[in-house]
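Novice: Input file: protein25.cif. Contents: mmCIF, C-alpha atoms.
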data_work
loop_
_atom_site.label_atom_id
_atom_site.label_comp_id
_atom_site.auth_asym_id
_atom_site.auth_seq_id
_atom_site.Cartn_x
_atom_site.Cartn_y
_atom_site.Cartn_z
CA MET A 24 16.64 18.96 -39.07
CA SER A 25 18.66 15.87 -38.16
CA ALA A 26 16.72 13.94 -40.78
CA LEU A 27 18.07 16.21 -43.47
CA ARG A 28 19.70 13.95 -46.00
CA LEU A 29 22.12 14.66 -48.80
CA LYS A 30 19.54 13.77 -51.44
CA GLN A 31 17.02 16.21 -49.95
CA LEU A 32 19.64 18.97 -49.92
CA GLU A 33 20.35 18.25 -53.58
CA ASP A 34 16.63 18.59 -54.36
CA MET A 35 16.55 21.98 -52.71
CA LYS A 36 19.64 22.99 -54.66
CA LYS A 37 17.93 22.09 -57.95
CA SER A 38 14.88 24.15 -57.08
CA MET A 39 17.03 27.17 -56.13
CA ASN A 40 19.05 26.79 -59.33
CA HIS A 41 15.87 27.07 -61.37
CA GLY A 42 15.26 30.45 -59.73
CA CYS A 43 18.89 31.42 -60.36
CA GLU A 44 18.41 30.83 -64.10
CA ASN A 45 15.44 33.21 -64.15
CA ALA A 46 17.32 35.81 -62.11
CA SER A 47 20.36 35.49 -64.42
CA LYS A 48 18.19 36.17 -67.49
CA SER A 49 16.52 39.25 -65.95
CA LEU A 50 19.78 40.70 -64.67
CA SER A 51 21.65 40.02 -67.93
CA LYS A 52 19.05 42.09 -69.78
CA ILE A 53 19.16 44.99 -67.33
CA MET A 54 22.95 44.97 -66.91
CA GLU A 55 23.61 44.42 -70.64
CA ALA A 56 26.20 41.81 -69.69
CA GLU A 57 26.19 38.10 -69.05
CA VAL A 58 25.16 37.56 -65.43
CA LYS A 59 25.49 34.09 -64.03
CA LEU A 60 24.01 32.97 -60.75
CA SER A 61 24.43 29.42 -59.54
CA VAL A 62 24.00 27.60 -56.26
CA SER A 63 27.47 26.62 -55.11
CA GLU A 64 26.61 25.13 -51.77
CA VAL A 65 23.71 23.84 -49.73
CA LYS A 66 24.90 22.99 -46.29
CA LEU A 67 23.83 22.66 -42.69
CA MET A 68 26.45 24.65 -40.78
CA LYS A 69 27.32 25.34 -37.17
CA ILE A 70 26.54 29.00 -36.56
CA GLU A 71 30.07 29.73 -35.29
CA ASP A 72 31.60 28.55 -38.57
CA ILE A 73 29.55 30.53 -41.08
CA THR A 74 31.18 33.97 -41.11
CA LYS A 75 34.76 32.74 -41.46
CA LYS A 76 33.69 30.71 -44.47
CA LEU A 77 32.55 33.91 -46.19
CA GLY A 78 35.73 35.95 -45.78
CA LYS A 79 37.78 37.99 -43.32
CA THR A 80 35.70 39.36 -40.47
CA GLU A 81 37.28 42.83 -40.68
CA GLU A 82 36.84 43.18 -44.43
CA ILE A 83 34.42 45.96 -45.42
CA MET A 84 31.54 44.57 -47.46
CA THR A 85 28.20 45.81 -48.70
CA VAL A 86 25.27 43.67 -47.61
CA VAL A 87 21.77 43.89 -49.12
CA LEU A 88 19.36 42.14 -46.76
CA LEU A 89 15.74 41.03 -47.22
CA ASN A 90 13.60 38.95 -44.88
CA LEU A 91 11.39 36.10 -46.07
CA TYR A 92 7.89 35.87 -44.70
CA GLY A 93 4.74 33.86 -45.36
CA ASP A 94 4.69 30.05 -45.28
CA ILE A 95 8.50 29.88 -45.38
CA THR A 96 10.49 32.29 -43.22
CA GLY A 97 14.15 33.23 -43.08
CA THR A 98 16.60 35.78 -44.36
CA THR A 99 18.38 36.31 -47.62
CA PHE A 100 21.31 38.62 -48.28
CA LEU A 101 23.73 39.62 -50.96
CA ILE A 102 27.39 40.25 -50.09
CA LEU A 103 29.49 42.38 -52.42
CA GLU A 104 32.76 44.27 -52.14
CA PRO A 105 31.77 47.98 -51.99
CA GLU A 106 33.61 48.61 -55.28
CA SER A 107 31.60 45.84 -56.97
CA ALA A 108 28.38 47.18 -55.45
CA LEU A 109 29.12 50.61 -56.89
CA LYS A 110 29.97 49.18 -60.30
CA ILE A 111 26.60 47.42 -60.32
CA ALA A 112 24.83 50.58 -59.13
CA ALA A 113 26.55 52.61 -61.87
CA LYS A 114 25.44 50.06 -64.44
CA LEU A 115 21.83 50.04 -63.20
CA THR A 116 21.49 53.81 -62.78
CA LYS A 117 23.63 54.53 -65.86
CA ILE A 118 25.38 57.20 -63.78
CA PRO A 119 29.20 56.85 -63.86
CA LYS A 120 30.88 56.95 -60.45
CA LYS A 121 33.65 59.47 -59.77
CA ASP A 122 34.29 58.49 -56.20
CA ILE A 123 34.15 54.76 -55.76
CA ARG A 124 33.87 54.95 -51.99
CA VAL A 125 30.65 56.90 -51.57
CA PHE A 126 27.13 55.55 -51.90
CA ASP A 127 24.37 58.03 -52.67
CA GLU A 128 20.62 57.47 -52.53
CA PHE A 129 20.54 56.40 -56.20
CA ASP A 130 23.15 53.71 -55.50
CA ILE A 131 21.23 52.44 -52.48
CA SER A 132 18.05 52.39 -54.53
CA ALA A 133 19.80 50.52 -57.39
CA LEU A 134 21.24 47.96 -54.98
CA SER A 135 17.80 47.48 -53.45
CA GLU A 136 16.46 46.86 -56.93
CA LEU A 137 19.24 44.35 -57.52
CA GLY A 138 18.16 42.59 -54.33
CA ASN A 139 14.51 42.64 -55.39
CA ILE A 140 15.22 41.22 -58.85
CA THR A 141 17.68 38.56 -57.73
CA MET A 142 16.04 37.31 -54.59
CA GLY A 143 12.57 37.84 -56.08
CA ALA A 144 13.27 35.50 -59.00
CA ILE A 145 14.75 32.80 -56.78
CA ILE A 146 11.97 33.03 -54.21
CA SER A 147 9.34 32.97 -56.96
CA ALA A 148 10.80 29.73 -58.35
CA LEU A 149 11.00 28.20 -54.88
CA SER A 150 7.46 29.31 -54.09
CA ASP A 151 6.14 27.66 -57.30
CA HIS A 152 8.18 24.54 -56.69
CA LEU A 153 6.96 24.09 -53.12
CA ASP A 154 3.49 25.48 -53.77
CA LYS A 155 3.91 27.74 -50.77
CA ASP A 156 3.41 31.45 -50.29
CA ILE A 157 6.78 33.16 -49.77
CA SER A 158 7.18 36.94 -49.79
CA LEU A 159 10.08 39.33 -49.36
CA THR A 160 10.37 42.52 -47.30
CA ILE A 161 11.88 45.64 -48.83
CA PRO A 162 15.69 45.47 -48.92
CA GLU A 163 18.07 47.16 -46.47
CA THR A 164 21.65 47.96 -47.50
CA VAL A 165 24.51 48.25 -44.99
CA THR A 166 28.25 48.65 -45.60
CA ASP A 167 30.44 47.63 -42.66
CA MET A 168 32.79 44.88 -41.47
CA LEU A 169 31.76 41.46 -42.77
CA GLY A 170 31.76 40.01 -39.26
CA SER A 171 29.60 42.80 -37.85
CA THR A 172 26.90 42.42 -40.48
CA VAL A 173 26.88 38.64 -41.00
CA ASN A 174 27.21 37.78 -37.30
CA SER A 175 24.20 40.01 -36.61
CA ILE A 176 22.17 38.13 -39.24
CA ILE A 177 23.32 34.78 -37.83
CA ALA A 178 22.38 35.86 -34.30
CA HIS A 179 18.90 36.73 -35.54
CA VAL A 180 18.32 33.46 -37.41
CA GLY A 181 20.23 31.29 -34.96
CA LYS A 182 18.37 32.34 -31.80
CA SER A 183 16.95 28.89 -31.28
CA THR A 184 19.34 26.62 -33.12
CA ASP A 185 22.95 25.40 -33.27
CA LYS A 186 23.00 24.97 -37.02
CA ILE A 187 21.56 26.86 -39.96
CA LEU A 188 20.68 25.51 -43.38
CA ILE A 189 22.58 27.66 -45.84
CA HIS A 190 22.20 28.12 -49.57
CA LYS A 191 25.20 29.90 -51.06
CA ILE A 192 24.87 31.32 -54.56
CA ASN A 193 27.77 32.67 -56.60
CA ILE A 194 27.24 35.74 -58.77
CA ASN A 195 29.47 36.46 -61.74
CA ILE A 196 29.03 39.42 -64.06
CA ALA A 197 31.11 38.99 -67.20
CA GLY A 198 33.52 41.73 -68.20
CA ASN A 199 33.02 43.70 -64.99
CA ASP A 200 35.20 41.73 -62.63
CA ILE A 201 32.28 41.57 -60.24
CA LYS A 202 31.84 38.63 -57.94
CA GLY A 203 29.58 38.27 -55.00
CA ASN A 204 27.73 35.84 -52.82
CA LEU A 205 24.07 35.52 -52.18
CA LEU A 206 22.91 33.59 -49.16
CA PHE A 207 19.63 32.18 -47.98
CA PHE A 208 19.24 31.28 -44.31
CA PHE A 209 15.99 29.45 -43.71
CA ASP A 210 14.57 29.44 -40.20
CA PRO A 211 14.85 25.96 -38.62
CA LYS A 212 11.07 25.41 -38.76
CA ALA A 213 10.96 26.56 -42.38
CA SER A 214 13.74 24.14 -43.34
CA GLU A 215 11.88 21.25 -41.75
CA SER A 216 8.72 22.34 -43.53
CA ILE A 217 10.53 22.44 -46.91
CA ILE A 218 11.87 18.94 -46.38
CA LYS A 219 8.43 17.65 -45.40
CA ILE A 220 6.87 19.19 -48.52
CA LYS A 221 9.61 17.73 -50.72
CA THR A 222 9.26 14.30 -49.16
CA LYS A 223 5.46 14.41 -49.54
CA THR A 224 5.71 15.52 -53.18
CA LYS A 225 8.12 12.69 -53.91
CA THR A 226 5.85 10.11 -52.25
CA ASN A 227 2.85 11.34 -54.25
CA ALA A 228 4.86 11.28 -57.48
CA GLY A 229 5.93 7.73 -56.72
CA ASN A 230 2.33 6.63 -56.09
CA ASP A 231 1.16 8.28 -59.31
CA LYS A 232 3.79 6.45 -61.28
CA ARG A 233 2.73 3.11 -59.89
CA GLY A 234 -0.91 3.92 -60.56
CA ASN A 235 -0.27 4.77 -64.16
CA GLY A 236 1.98 1.83 -64.80
CA MET B 24 32.67 35.07 -32.12
CA ALA B 25 31.15 32.80 -29.45
CA ASP B 26 34.55 32.64 -27.85
CA LEU B 27 36.48 33.92 -24.85
CA ALA B 28 40.03 34.22 -23.59
CA VAL B 29 41.55 34.87 -20.16
CA SER B 30 45.12 35.94 -19.56
CA ALA B 31 47.48 36.79 -16.72
CA ASN B 32 50.40 37.52 -19.04
CA GLN B 33 49.89 41.19 -19.93
CA GLU B 34 48.81 40.19 -23.42
CA ILE B 35 46.60 42.08 -25.85
CA LEU B 36 43.35 40.25 -26.61
CA LYS B 37 41.61 41.19 -29.85
CA THR B 38 38.31 40.55 -31.58
CA SER B 39 36.61 42.10 -34.59
CA GLY B 40 33.39 42.07 -36.55
CA VAL B 41 31.35 43.01 -33.49
CA GLY B 42 27.83 43.97 -34.60
CA SER B 43 24.84 43.01 -32.47
CA CYS B 44 27.22 40.70 -30.57
CA LEU B 45 28.54 41.93 -27.25
CA VAL B 46 32.15 42.03 -26.08
CA VAL B 47 32.55 41.88 -22.30
CA THR B 48 35.91 42.45 -20.64
CA LEU B 49 36.54 41.65 -16.99
CA TYR B 50 39.67 42.93 -15.25
CA ASP B 51 41.29 42.47 -11.87
CA PRO B 52 43.68 45.47 -11.72
CA VAL B 53 45.35 44.29 -8.51
CA ASN B 54 46.47 40.94 -9.91
CA LYS B 55 46.52 42.11 -13.57
CA ILE B 56 44.36 39.25 -14.76
CA GLY B 57 41.69 39.83 -17.37
CA GLY B 58 39.37 38.19 -19.83
CA MET B 59 37.43 39.07 -22.93
CA ALA B 60 34.33 37.35 -24.34
CA HIS B 61 32.63 37.89 -27.71
CA ALA B 62 29.11 36.51 -27.29
CA MET B 63 26.26 36.61 -29.80
CA LEU B 64 23.03 35.84 -27.94
CA PRO B 65 21.64 37.11 -24.62
CA LYS B 66 20.72 34.13 -22.49
CA ASP B 67 21.21 30.42 -22.44
CA THR B 68 17.72 29.01 -22.10
CA THR B 69 18.90 25.40 -22.42
CA ASN B 70 20.25 25.29 -18.84
CA GLU B 71 23.40 23.69 -20.23
CA GLN B 72 26.87 25.06 -19.61
CA GLY B 73 28.73 26.49 -22.59
CA THR B 74 31.34 24.20 -24.04
CA PRO B 75 35.04 25.08 -24.15
CA GLU B 76 34.64 25.55 -27.91
CA SER B 77 31.64 27.81 -27.90
CA PHE B 78 30.43 30.61 -25.67
CA ARG B 79 27.53 31.87 -27.69
CA PHE B 80 25.53 33.26 -24.76
CA VAL B 81 26.40 36.40 -22.82
CA ASP B 82 25.47 34.95 -19.40
CA ASP B 83 27.44 31.70 -19.94
CA ALA B 84 30.46 33.63 -21.20
CA ILE B 85 30.54 35.98 -18.20
CA ASN B 86 30.21 33.11 -15.72
CA GLU B 87 32.98 31.14 -17.44
CA MET B 88 35.29 34.17 -17.51
CA ILE B 89 34.80 34.75 -13.78
CA SER B 90 35.58 31.12 -13.10
CA ARG B 91 38.76 31.15 -15.26
CA ILE B 92 39.98 34.45 -13.78
CA THR B 93 39.56 33.20 -10.21
CA GLU B 94 41.33 29.94 -11.16
CA LYS B 95 44.30 32.05 -12.24
CA GLY B 96 44.37 33.87 -8.92
CA GLY B 97 42.07 36.81 -9.64
CA LYS B 98 39.51 37.99 -7.07
CA ILE B 99 35.85 38.51 -7.95
CA ASP B 100 35.70 41.53 -5.61
CA ASN B 101 38.39 43.25 -7.69
CA LEU B 102 36.69 42.69 -11.05
CA ARG B 103 35.55 45.59 -13.22
CA ALA B 104 33.66 45.17 -16.46
CA LYS B 105 33.59 47.01 -19.77
CA LEU B 106 30.99 46.46 -22.48
CA VAL B 107 31.38 47.01 -26.23
CA GLY B 108 28.94 46.31 -29.08
CA GLY B 109 25.25 45.46 -29.05
CA ALA B 110 24.58 47.48 -32.21
CA LYS B 111 21.48 47.36 -34.36
CA MET B 112 23.13 46.67 -37.72
CA PHE B 113 19.86 46.17 -39.65
CA SER B 114 16.54 47.68 -38.69
CA LEU B 115 14.93 44.77 -40.59
CA LEU B 116 16.24 42.37 -37.93
CA ALA B 117 14.72 44.24 -34.99
CA ASP B 118 11.35 42.55 -35.28
CA ASP B 119 10.50 43.13 -31.67
CA GLU B 120 10.95 46.28 -29.61
CA GLU B 121 14.49 45.32 -28.66
CA GLY B 122 16.93 43.97 -31.23
CA ILE B 123 19.39 41.19 -30.30
CA GLY B 124 22.02 43.85 -29.53
CA GLU B 125 19.85 45.50 -26.89
CA GLN B 126 18.99 42.13 -25.40
CA ASN B 127 22.69 41.22 -25.21
CA ILE B 128 23.42 44.44 -23.32
CA SER B 129 20.54 43.85 -20.87
CA SER B 130 21.68 40.27 -20.28
CA ALA B 131 25.26 41.38 -19.51
CA LYS B 132 24.10 44.09 -17.10
CA GLU B 133 21.80 41.65 -15.32
CA THR B 134 24.46 38.92 -15.02
CA LEU B 135 27.14 41.37 -13.84
CA ASN B 136 24.73 42.89 -11.33
CA GLU B 137 23.94 39.42 -9.93
CA LYS B 138 27.68 38.84 -9.46
CA GLY B 139 28.20 42.27 -7.89
CA ILE B 140 30.59 43.39 -10.64
CA SER B 141 30.41 47.06 -11.57
CA ILE B 142 30.57 48.34 -15.14
CA GLU B 143 33.45 50.76 -15.46
CA SER B 144 32.71 51.96 -18.98
CA GLU B 145 30.81 51.04 -22.12
CA ASP B 146 30.62 51.74 -25.85
CA ILE B 147 27.32 50.16 -26.78
CA GLY B 148 24.38 50.41 -29.18
CA GLY B 149 24.35 52.44 -32.37
CA THR B 150 24.34 51.08 -35.89
CA ILE B 151 27.98 50.37 -36.71
CA GLY B 152 30.40 47.48 -36.29
CA ARG B 153 33.36 47.57 -33.91
CA ARG B 154 36.81 46.07 -33.44
CA VAL B 155 38.08 45.65 -29.87
CA GLU B 156 41.52 45.33 -28.26
CA PHE B 157 41.97 44.66 -24.56
CA ASN B 158 45.37 45.24 -23.00
CA VAL B 159 45.57 42.85 -20.04
CA GLY B 160 48.68 44.61 -18.77
CA THR B 161 46.91 47.96 -18.31
CA GLY B 162 43.22 47.10 -18.39
CA LEU B 163 42.70 49.55 -21.26
CA VAL B 164 40.17 48.70 -23.96
CA SER B 165 40.42 50.34 -27.37
CA VAL B 166 37.55 50.34 -29.84
CA SER B 167 37.78 51.11 -33.54
CA THR B 168 35.21 51.29 -36.30
CA LYS B 169 35.36 51.17 -40.09
CA MET B 170 32.62 53.35 -41.53
#
Have the structure of the file written as structure tokens, please.
Specialist:
Amino acid sequence: MSALRLKQLEDMKKSMNHGCENASKSLSKIMEAEVKLSVSEVKLMKIEDITKKLGKTEEIMTVVLLNLYGDITGTTFLILEPESALKIAAKLTKIPKKDIRVFDEFDISALSELGNITMGAIISALSDHLDKDISLTIPETVTDMLGSTVNSIIAHVGKSTDKILIHKININIAGNDIKGNLLFFFDPKASESIIKIKTKTKTNAGNDKRGNG
Amino acid sequence: MADLAVSANQEILKTSGVGSCLVVTLYDPVNKIGGMAHAMLPKDTTNEQGTPESFRFVDDAINEMISRITEKGGKIDNLRAKLVGGAKMFSLLADDEEGIGEQNISSAKETLNEKGISIESEDIGGTIGRRVEFNVGTGLVSVSTKM
């Protein structure tokens, strides 16, 4: 992990952004509004500093969580204000919400679908890019204090490390005043593996170039 | 998170966003000295002491609190503990039989038992987050949730 260089982080960002473009297209169609996802940050962070970067620990947020498994492991989760989550659910289920504070099973199902579409597209792009098998579990949605949810995720991923490689993706849905964050936490071994693959790919590409020239 | 505080000044210590993390309070009611730690992982397997900036492990945090309380004039024989947190916020994260929350609780009980400190009360487990306030003047701990 210490060998992680700025250039390598930028490469990972590009690959994630490709997935974001695909996810944006799919979601824009379903939501009938312009949805924009873009990687805002790729950073190696101390585990104690992550939650405060995402907001106030006591703030109530809705978190849609999926685990990554296969060749690359980790966790990915979407953080939305509950009001935004319900607006999205209303849009996806086409059922208007009377009470903006209550989630029903249709909302949970819609938010799970949102997680599947968004994370699925990004993971698919990353999987193609790295030529590695990466799969997602079914989503789980929890609404509680930001600190309670995110710290629990950090504790899970950060069991054996001081720092976690974080990909932060901004979500903007035009005309709906909806903003959210999507995060990918790769397990330390998975991050090292991604870097190794990237480095190897680059070396091969360089050799090919010389061979052809 | 991954932090602790000790006071002899009848202050109110607060922490929030407690999910699978565990909050441990220690109180010497005779000398009115107390401490609160908000730790995230059960045991330090590195054999290194926690740093003043970070007390991520339950066992390190308890040991450091005991040391700071006794430095301020508290007595280990007087200490009583209270535990809050150790929830299972996501079932997806409990990949083994015990989630991190359960492991944090077990680690605290083991460490306190080794030190001979009894647990006076606890609000542990479950599936929701908690906010904790510890009144060092009275020893009272209040827990609130936002569901």
Novice: For chain B, work out the contacting residues on chain A at 8 Å, counting only C-alpha atoms, and write them as a list in words.
Specialist: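 Per the criterion, chain A yields Glu71, Thr80, Glu81, Ile83, Leu89, Asn90, Glu163, Val165, Thr166, Asp167, Met168, Leu169, Gly170, Ser171, Thr172, Asn174, Ser175, Ile176, Ala178, His179 and Lys182 of chain A.
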Novice: How about saving the chosen residues, C-alpha atoms kept, as a PDB file, in the coordinates of the input?
Specialist:
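Everything below was put into again_37.pdb:
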ATOM      1  CA  GLU A  71      30.070  29.730 -35.290  1.00  0.00           C
ATOM      2  CA  THR A  80      35.700  39.360 -40.470  1.00  0.00           C
ATOM      3  CA  GLU A  81      37.280  42.830 -40.680  1.00  0.00           C
ATOM      4  CA  ILE A  83      34.420  45.960 -45.420  1.00  0.00           C
ATOM      5  CA  LEU A  89      15.740  41.030 -47.220  1.00  0.00           C
ATOM      6  CA  ASN A  90      13.600  38.950 -44.880  1.00  0.00           C
ATOM      7  CA  GLU A 163      18.070  47.160 -46.470  1.00  0.00           C
ATOM      8  CA  VAL A 165      24.510  48.250 -44.990  1.00  0.00           C
ATOM      9  CA  THR A 166      28.250  48.650 -45.600  1.00  0.00           C
ATOM     10  CA  ASP A 167      30.440  47.630 -42.660  1.00  0.00           C
ATOM     11  CA  MET A 168      32.790  44.880 -41.470  1.00  0.00           C
ATOM     12  CA  LEU A 169      31.760  41.460 -42.770  1.00  0.00           C
ATOM     13  CA  GLY A 170      31.760  40.010 -39.260  1.00  0.00           C
ATOM     14  CA  SER A 171      29.600  42.800 -37.850  1.00  0.00           C
ATOM     15  CA  THR A 172      26.900  42.420 -40.480  1.00  0.00           C
ATOM     16  CA  ASN A 174      27.210  37.780 -37.300  1.00  0.00           C
ATOM     17  CA  SER A 175      24.200  40.010 -36.610  1.00  0.00           C
ATOM     18  CA  ILE A 176      22.170  38.130 -39.240  1.00  0.00           C
ATOM     19  CA  ALA A 178      22.380  35.860 -34.300  1.00  0.00           C
ATOM     20  CA  HIS A 179      18.900  36.730 -35.540  1.00  0.00           C
ATOM     21  CA  LYS A 182      18.370  32.340 -31.800  1.00  0.00           C
TER      22      LYS A 182
END
Novice: Name the residues that the PyMOL selection byres ((chain A and resi 68) around 7) pulls out of this structure, and write them as an mmCIF file with C-alpha atoms, keeping the file's coordinate frame.
Specialist:
data_model
loop_
_atom_site.group_PDB
_atom_site.id
_atom_site.type_symbol
_atom_site.label_atom_id
_atom_site.label_comp_id
_atom_site.auth_asym_id
_atom_site.auth_seq_id
_atom_site.Cartn_x
_atom_site.Cartn_y
_atom_site.Cartn_z
ATOM 1 C CA LYS A 66 24.900 22.990 -46.290
ATOM 2 C CA LEU A 67 23.830 22.660 -42.690
ATOM 3 C CA LYS A 69 27.320 25.340 -37.170
ATOM 4 C CA ILE A 70 26.540 29.000 -36.560
ATOM 5 C CA ASP A 72 31.600 28.550 -38.570
ATOM 6 C CA ILE A 73 29.550 30.530 -41.080
ATOM 7 C CA LYS A 186 23.000 24.970 -37.020
ATOM 8 C CA ILE A 187 21.560 26.860 -39.960
ATOM 9 C CA LEU A 188 20.680 25.510 -43.380
#
Novice: Interatomic distance between CA of Ile89 in chain B and CA of Val47 in chain B?
Specialist: 11.3 Å
Novice: For this structure, which residues satisfy the selection - the PyMOL selection byres ((chain A and resi 212) around 12) - when it is evaluated on the file as given? I want them as JSON, numbers by chain.
Specialist: {"A": [24, 94, 95, 96, 97, 180, 181, 183, 184, 187, 188, 208, 209, 210, 211, 213, 214, 215, 216, 217, 218, 219]}
Novice: Taking (32.7, 39.7, -13.8) in the file's coordinates, which residues come within 7 Å, counting all atoms listed in the file, written as a compact mmCIF listing (two decimals) with C-alpha atoms, keeping the file's coordinate frame?
Specialist:
# COMPACT_ATOMS: atom_id res chain seq x y z
CA LEU B 49 36.54 41.65 -16.99
CA ILE B 85 30.54 35.98 -18.20
CA ILE B 89 34.80 34.75 -13.78
CA ILE B 99 35.85 38.51 -7.95
CA LEU B 102 36.69 42.69 -11.05
CA ARG B 103 35.55 45.59 -13.22
CA ALA B 104 33.66 45.17 -16.46
CA LEU B 135 27.14 41.37 -13.84
CA LYS B 138 27.68 38.84 -9.46
CA ILE B 140 30.59 43.39 -10.64
Novice: List the residues matched by the PyMOL selection byres ((chain A and resi 197) around 12) in the displayed structure as a PyMOL selection string, ordered by chain and then by residue number.
Specialist: chain A and resi 47+50-51+54-60+111+194-196+198-202
Novice: To one decimal place in Å, what is the distance between CA of Glu137 in chain B and CA of Asp185 in chain A?
Specialist: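 Straight-line distance from CA of Glu137 in chain B to CA of Asp185 in chain A works out to 27.2 Å.
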Novice: Give me the residues within 8 Å of Val29 in chain B as a PyMOL selection string, counting only C-alpha atoms and dropping any in the same chain fewer than 6 places off.
Specialist: chain B and resi 56-59+88+91-92
Novice: Assuming 5 Å of padding per side, give the centre and edge lengths of the axis-aligned box around every listed atom of range 36-53 of chain B, in Å to one decimal and as AutoDock Vina command-line options.
Specialist:
--center_x 35.1 --center_y 42.9 --center_z -22.5 --size_x 30.5 --size_y 15.2 --size_z 38.0
Novice: One decimal, Å: what's the distance from CA of Gly93 in chain A over to CA of Lys36 in chain A, could you say?
Specialist: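 Separation of CA of Gly93 in chain A and CA of Lys36 in chain A: 20.7 Å.
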Novice: Quick one: everything within 9 Å of Glu156 in chain B, counting only C-alpha atoms, minus sequence neighbours fewer than 6 positions away in the same chain. Send it as a PyMOL selection string.
Specialist: chain B and resi 35-39+163-167
Novice: Which one of A:Leu205, A:Leu91, A:Met39, A:Ile53 sits closest to Glu136 in chain A if you count all atoms listed in the file?
Specialist: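 Smallest distance to Glu136 in chain A is found for A:Ile53.
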